[in-house]
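Trainee: Quick one: the structure is below, and I'll ask about it shortly.
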Amino acid sequence: MDNQISLQLMLDATGHVTSYATVGGLTGATTYEGKIPDDFLTSMQPQAFKLIDNVLTKDPNYVVPVTDAVKHQPSDEQRFQAQLALQMATMQKNQAEFNAQVLLQVADIKKAAETPVTSATAETK
């Protein structure tokens, strides 16, 4: 902790940093001038830092909160159902492509059968 800086800190009721500004100001913010932890400005979790006795420190008891996205992960059964649905959709797509190719071939065969034989083609045979 050898970085000296002037910051505007927004703190919660426990003294944890909720946001900060290095330039300008924040309404209702506390002005802090002093040393900051080396990783404070690069941390994606300002809540991990706390103002204790007017010194900005990293809270050793901080635990990264579990987000709702992590709390609500699909169950194994839901994952299985999703995989099964994907397999079915892939099979249906492949079947539709195959059907389209067969229809094109049938159309080509019908077109060839309907083409009248001309005298020029009869002479070459």
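Naming scheme: A, B, ... for chains in displayed order of the structure tokens; residues 1 onward per chain; ligands 1 onward as shown.
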If we count only C-alpha atoms, what is near Thr31 of chain A at a cut-off of 12 Å, once residues fewer than 6 positions away on the same chain are taken out, given as a PyMOL selection string?

Mentor: chain A and resi 5-11+20-25+51+54-56

Trainee: Could the residues in this selection be saved with C-alpha atoms as a CSV table (one decimal), in the first residue's frame?

Mentor:
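Wrote it out as selection.csv, contents follow:
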chain,number,residue,atom,x,y,z
A,5,ILE,CA,-4.3,9.5,-4.0
A,6,SER,CA,-7.3,11.7,-3.6
A,7,LEU,CA,-10.7,10.0,-4.0
A,8,GLN,CA,-14.4,10.5,-3.5
A,9,LEU,CA,-15.8,7.4,-1.8
A,10,MET,CA,-19.4,6.3,-1.5
A,11,LEU,CA,-19.6,4.1,1.6
A,20,TYR,CA,-15.7,5.9,-6.0
A,21,ALA,CA,-14.5,8.7,-8.3
A,22,THR,CA,-11.0,9.6,-9.0
A,23,VAL,CA,-12.0,12.7,-11.0
A,24,GLY,CA,-14.9,15.0,-10.1
A,25,GLY,CA,-17.2,14.3,-7.2
A,51,LEU,CA,-12.6,2.5,5.3
A,54,ASN,CA,-9.8,6.8,7.9
A,55,VAL,CA,-7.5,4.2,6.2
A,56,LEU,CA,-8.7,2.4,3.0

Trainee: Determine which residues of segment 2-116 of chain A DSSP labels as strand (DSSP E or B) from the backbone of this structure, then write them out as JSON, numbers by chain.

Mentor: {"A": [3, 4, 5, 6, 7, 8, 9, 10, 11, 16, 17, 18, 19, 20, 21, 30, 31, 32, 33, 34, 35, 36, 49, 50, 51, 52, 55, 56, 57, 58]}

Trainee: Please produce a file of those selected residues containing N, CA, C and O atoms, as a tab-separated table (two decimals), in the first residue's frame.

Mentor:
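Output contents, as saved in result09.tsv:
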chain	number	residue	atom	x	y	z
A	3	ASN	N	0.48	3.66	-2.68
A	3	ASN	CA	-0.10	4.60	-3.64
A	3	ASN	C	-0.82	5.72	-2.89
A	3	ASN	O	-1.72	5.47	-2.12
A	4	GLN	N	-0.46	6.94	-3.13
A	4	GLN	CA	-1.09	8.11	-2.52
A	4	GLN	C	-2.06	8.70	-3.53
A	4	GLN	O	-1.71	8.90	-4.69
A	5	ILE	N	-3.31	8.98	-3.10
A	5	ILE	CA	-4.32	9.45	-4.05
A	5	ILE	C	-5.40	10.23	-3.32
A	5	ILE	O	-5.54	10.13	-2.10
A	6	SER	N	-6.17	10.98	-4.08
A	6	SER	CA	-7.34	11.68	-3.55
A	6	SER	C	-8.57	11.11	-4.27
A	6	SER	O	-8.61	11.07	-5.50
A	7	LEU	N	-9.55	10.64	-3.49
A	7	LEU	CA	-10.73	9.98	-4.04
A	7	LEU	C	-12.00	10.51	-3.41
A	7	LEU	O	-11.98	11.03	-2.30
A	8	GLN	N	-13.10	10.32	-4.09
A	8	GLN	CA	-14.43	10.51	-3.54
A	8	GLN	C	-14.98	9.11	-3.35
A	8	GLN	O	-15.07	8.33	-4.31
A	9	LEU	N	-15.32	8.73	-2.12
A	9	LEU	CA	-15.79	7.39	-1.81
A	9	LEU	C	-17.26	7.40	-1.38
A	9	LEU	O	-17.66	8.22	-0.55
A	10	MET	N	-18.02	6.52	-1.95
A	10	MET	CA	-19.38	6.27	-1.47
A	10	MET	C	-19.27	5.03	-0.60
A	10	MET	O	-18.75	3.99	-1.03
A	11	LEU	N	-19.76	5.14	0.65
A	11	LEU	CA	-19.64	4.05	1.60
A	11	LEU	C	-21.02	3.58	2.03
A	11	LEU	O	-21.96	4.37	2.11
A	16	HIS	N	-17.95	-0.10	3.91
A	16	HIS	CA	-17.44	-0.68	2.66
A	16	HIS	C	-17.68	0.30	1.51
A	16	HIS	O	-18.69	0.97	1.45
A	17	VAL	N	-16.74	0.32	0.59
A	17	VAL	CA	-16.84	1.19	-0.58
A	17	VAL	C	-17.88	0.60	-1.54
A	17	VAL	O	-17.82	-0.56	-1.90
A	18	THR	N	-18.85	1.40	-1.93
A	18	THR	CA	-19.84	0.96	-2.92
A	18	THR	C	-19.52	1.52	-4.29
A	18	THR	O	-19.84	0.91	-5.30
A	19	SER	N	-18.89	2.70	-4.33
A	19	SER	CA	-18.42	3.28	-5.58
A	19	SER	C	-17.42	4.38	-5.24
A	19	SER	O	-17.30	4.79	-4.09
A	20	TYR	N	-16.71	4.83	-6.26
A	20	TYR	CA	-15.72	5.89	-6.02
A	20	TYR	C	-15.50	6.68	-7.30
A	20	TYR	O	-15.86	6.24	-8.40
A	21	ALA	N	-14.91	7.85	-7.15
A	21	ALA	CA	-14.55	8.69	-8.29
A	21	ALA	C	-13.13	9.19	-8.07
A	21	ALA	O	-12.78	9.63	-6.98
A	30	THR	N	-17.62	10.75	0.56
A	30	THR	CA	-16.60	11.10	1.54
A	30	THR	C	-15.30	11.34	0.78
A	30	THR	O	-14.91	10.54	-0.07
A	31	THR	N	-14.64	12.43	1.06
A	31	THR	CA	-13.35	12.69	0.43
A	31	THR	C	-12.29	11.90	1.18
A	31	THR	O	-12.20	11.95	2.40
A	32	TYR	N	-11.49	11.18	0.42
A	32	TYR	CA	-10.41	10.38	1.03
A	32	TYR	C	-9.10	10.79	0.38
A	32	TYR	O	-8.98	10.82	-0.85
A	33	GLU	N	-8.13	11.11	1.20
A	33	GLU	CA	-6.79	11.41	0.72
A	33	GLU	C	-5.83	10.57	1.52
A	33	GLU	O	-5.76	10.67	2.74
A	34	GLY	N	-5.15	9.71	0.83
A	34	GLY	CA	-4.20	8.85	1.51
A	34	GLY	C	-3.77	7.70	0.63
A	34	GLY	O	-3.94	7.70	-0.59
A	35	LYS	N	-3.21	6.70	1.28
A	35	LYS	CA	-2.72	5.52	0.57
A	35	LYS	C	-3.88	4.60	0.26
A	35	LYS	O	-4.86	4.53	1.00
A	36	ILE	N	-3.76	3.89	-0.87
A	36	ILE	CA	-4.77	2.91	-1.25
A	36	ILE	C	-4.08	1.57	-1.49
A	36	ILE	O	-2.90	1.52	-1.81
A	49	PHE	N	-13.31	-3.42	-0.28
A	49	PHE	CA	-12.48	-2.46	0.43
A	49	PHE	C	-13.32	-1.70	1.44
A	49	PHE	O	-14.50	-1.43	1.22
A	50	LYS	N	-12.68	-1.38	2.56
A	50	LYS	CA	-13.40	-0.77	3.67
A	50	LYS	C	-12.56	0.38	4.23
A	50	LYS	O	-11.33	0.32	4.26
A	51	LEU	N	-13.26	1.41	4.66
A	51	LEU	CA	-12.59	2.52	5.31
A	51	LEU	C	-12.61	2.27	6.82
A	51	LEU	O	-13.66	2.26	7.44
A	52	ILE	N	-11.42	1.98	7.36
A	52	ILE	CA	-11.29	1.68	8.79
A	52	ILE	C	-10.36	2.73	9.40
A	52	ILE	O	-9.20	2.83	9.00
A	55	VAL	N	-8.52	4.88	7.03
A	55	VAL	CA	-7.53	4.23	6.18
A	55	VAL	C	-8.27	3.24	5.29
A	55	VAL	O	-9.02	2.39	5.77
A	56	LEU	N	-8.06	3.34	3.97
A	56	LEU	CA	-8.70	2.44	3.02
A	56	LEU	C	-7.92	1.13	3.00
A	56	LEU	O	-6.73	1.12	2.68
A	57	THR	N	-8.59	0.06	3.37
A	57	THR	CA	-7.93	-1.26	3.43
A	57	THR	C	-8.81	-2.31	2.77
A	57	THR	O	-10.03	-2.14	2.62
A	58	LYS	N	-8.16	-3.38	2.38
A	58	LYS	CA	-8.90	-4.51	1.83
A	58	LYS	C	-9.48	-5.29	3.00
A	58	LYS	O	-8.77	-5.64	3.93

Trainee: Among the residues of segment 28-93 of chain A, find those DSSP assigns to helix (DSSP H, G or I) from the backbone and print them as a VMD selection string.

Mentor: chain A and resid 46 to 48 68 to 71 76 to 93

Trainee: Save out the residues we just selected, C-alpha atoms, as a compact mmCIF listing (two decimals), in the first residue's frame.

Mentor:
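Now in again-v3.txt:
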# COMPACT_ATOMS: atom_id res chain seq x y z
CA PRO A 46 -14.92 -2.07 -4.71
CA GLN A 47 -17.08 -3.62 -1.95
CA ALA A 48 -14.03 -5.65 -0.96
CA ASP A 68 -28.55 -14.72 -9.02
CA ALA A 69 -27.18 -16.22 -12.23
CA VAL A 70 -25.06 -18.62 -10.18
CA LYS A 71 -27.84 -19.36 -7.69
CA ASP A 76 -29.16 -31.97 -14.35
CA GLU A 77 -32.62 -32.92 -15.63
CA GLN A 78 -33.09 -29.48 -17.20
CA ARG A 79 -29.67 -29.74 -18.86
CA PHE A 80 -30.57 -33.20 -20.20
CA GLN A 81 -33.88 -31.91 -21.57
CA ALA A 82 -32.13 -28.98 -23.24
CA GLN A 83 -29.58 -31.31 -24.85
CA LEU A 84 -32.36 -33.61 -26.03
CA ALA A 85 -34.27 -30.66 -27.50
CA LEU A 86 -31.12 -29.51 -29.32
CA GLN A 87 -30.57 -33.00 -30.75
CA MET A 88 -34.18 -33.14 -31.95
CA ALA A 89 -33.93 -29.71 -33.58
CA THR A 90 -30.68 -30.71 -35.31
CA MET A 91 -32.25 -33.93 -36.60
CA GLN A 92 -35.30 -32.02 -37.88
CA LYS A 93 -33.05 -29.52 -39.67

Trainee: Using atom CA of Asp38 of chain A and atom CA of Asn61 of chain A as the two end points, give the distance in Å to one decimal.

Mentor: 17.9 Å

Trainee: Can you tell me how far atom CA of Ala96 of chain A sits from atom CA of Ala112 of chain A, in Å to one decimal?

Mentor: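 Calculated distance between atom CA of Ala96 of chain A and atom CA of Ala112 of chain A is 24.4 Å.
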
Trainee: What is the distance between atom CA of Ala29 of chain A and atom CA of Pro65 of chain A, in Å to one decimal?

Mentor: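 Between atom CA of Ala29 of chain A and atom CA of Pro65 of chain A the gap is 23.7 Å.
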